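Enquirer: Got a structure here, written out as structure tokens. Questions coming.
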Amino acid sequence: MLYLRDHRAQTIERVVAAVKGWRTANPLPGVQFELATRKRGRHAATNETVKAKELWILVGSSRR
């Protein structure tokens, strides 16, 4: 479990990238590391989803 000093999007992105990099570099058979726990994990998942869909969100909102 990690405790962060701040909860800015940049900090969360940096931590998620580091964890994903470590997970890729150090596979453990039979072990699955989950990122989305508690509030910060949900924020990270939401941020990733919004970033991936940002273009479609902007295009959709401009059609009103």
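Simple scheme: letters A, B, ... for chains in structure tokens order, numbers from 1 for residues in each chain, numbers from 1 for ligands in the order shown.
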Using only C-alpha atoms, I'd like a table of the residues in range 1-48 of chain A that come within 12 Å of range 53-61 of chain A; for each, show the closest atom pair and its distance in Å rounded to one decimal, ordered by chain and ascending number, as CSV.
Expert:
```
residue,atom,partner,partner_atom,distance
A:Thr46,CA,A:Lys53,CA,10.6
A:Asn47,CA,A:Lys53,CA,9.9
A:Glu48,CA,A:Lys53,CA,8.6
```
Enquirer: Extract the full set of helix (DSSP H, G or I) residues from chain A according to DSSP on the backbone, and format it as a CSV table (one decimal) with C-alpha atoms, in the first residue's frame.
Expert:
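states33.csv was written with the following content:
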```csv
chain,number,residue,atom,x,y,z
A,9,ALA,CA,-3.3,14.0,-11.3
A,10,GLN,CA,0.5,14.2,-12.1
A,11,THR,CA,1.4,12.4,-8.9
A,12,ILE,CA,-1.1,9.7,-9.4
A,13,GLU,CA,0.0,9.2,-13.1
A,14,ARG,CA,3.6,9.0,-12.0
A,15,VAL,CA,2.8,6.4,-9.3
A,16,VAL,CA,0.6,4.3,-11.7
A,17,ALA,CA,3.3,4.3,-14.4
A,18,ALA,CA,6.0,3.2,-11.9
A,19,VAL,CA,3.8,0.4,-10.5
A,20,LYS,CA,2.9,-0.8,-14.1
A,21,GLY,CA,6.6,-0.7,-15.0
A,22,TRP,CA,7.6,-2.7,-12.0
A,23,ARG,CA,4.8,-5.2,-12.5
A,24,THR,CA,6.0,-5.7,-16.1
A,25,ALA,CA,9.7,-6.0,-15.2
A,38,ARG,CA,-9.7,3.1,-2.4
A,39,LYS,CA,-10.0,6.7,-3.6
A,40,ARG,CA,-6.7,7.3,-5.4
A,41,GLY,CA,-7.0,4.0,-7.3
A,42,ARG,CA,-10.4,5.0,-8.5
A,43,HIS,CA,-9.0,8.5,-9.4
A,44,ALA,CA,-6.2,6.9,-11.4
A,45,ALA,CA,-8.6,4.6,-13.3
A,46,THR,CA,-11.0,7.5,-14.0
A,47,ASN,CA,-8.1,9.7,-15.2
A,48,GLU,CA,-6.8,6.9,-17.5
A,49,THR,CA,-10.3,6.4,-19.0
A,50,VAL,CA,-10.9,10.1,-19.6
A,51,LYS,CA,-7.5,10.5,-21.1
A,52,ALA,CA,-8.1,7.6,-23.5
A,53,LYS,CA,-11.5,8.9,-24.5
A,54,GLU,CA,-10.7,12.7,-24.4
A,55,LEU,CA,-11.0,13.3,-28.1
A,56,TRP,CA,-14.4,11.6,-28.3
A,57,ILE,CA,-15.6,13.5,-25.2
A,58,LEU,CA,-14.5,16.8,-26.8
A,59,VAL,CA,-16.0,15.9,-30.2
A,60,GLY,CA,-19.3,14.8,-28.6
A,61,SER,CA,-19.6,17.9,-26.5
A,62,SER,CA,-18.9,20.3,-29.4
```
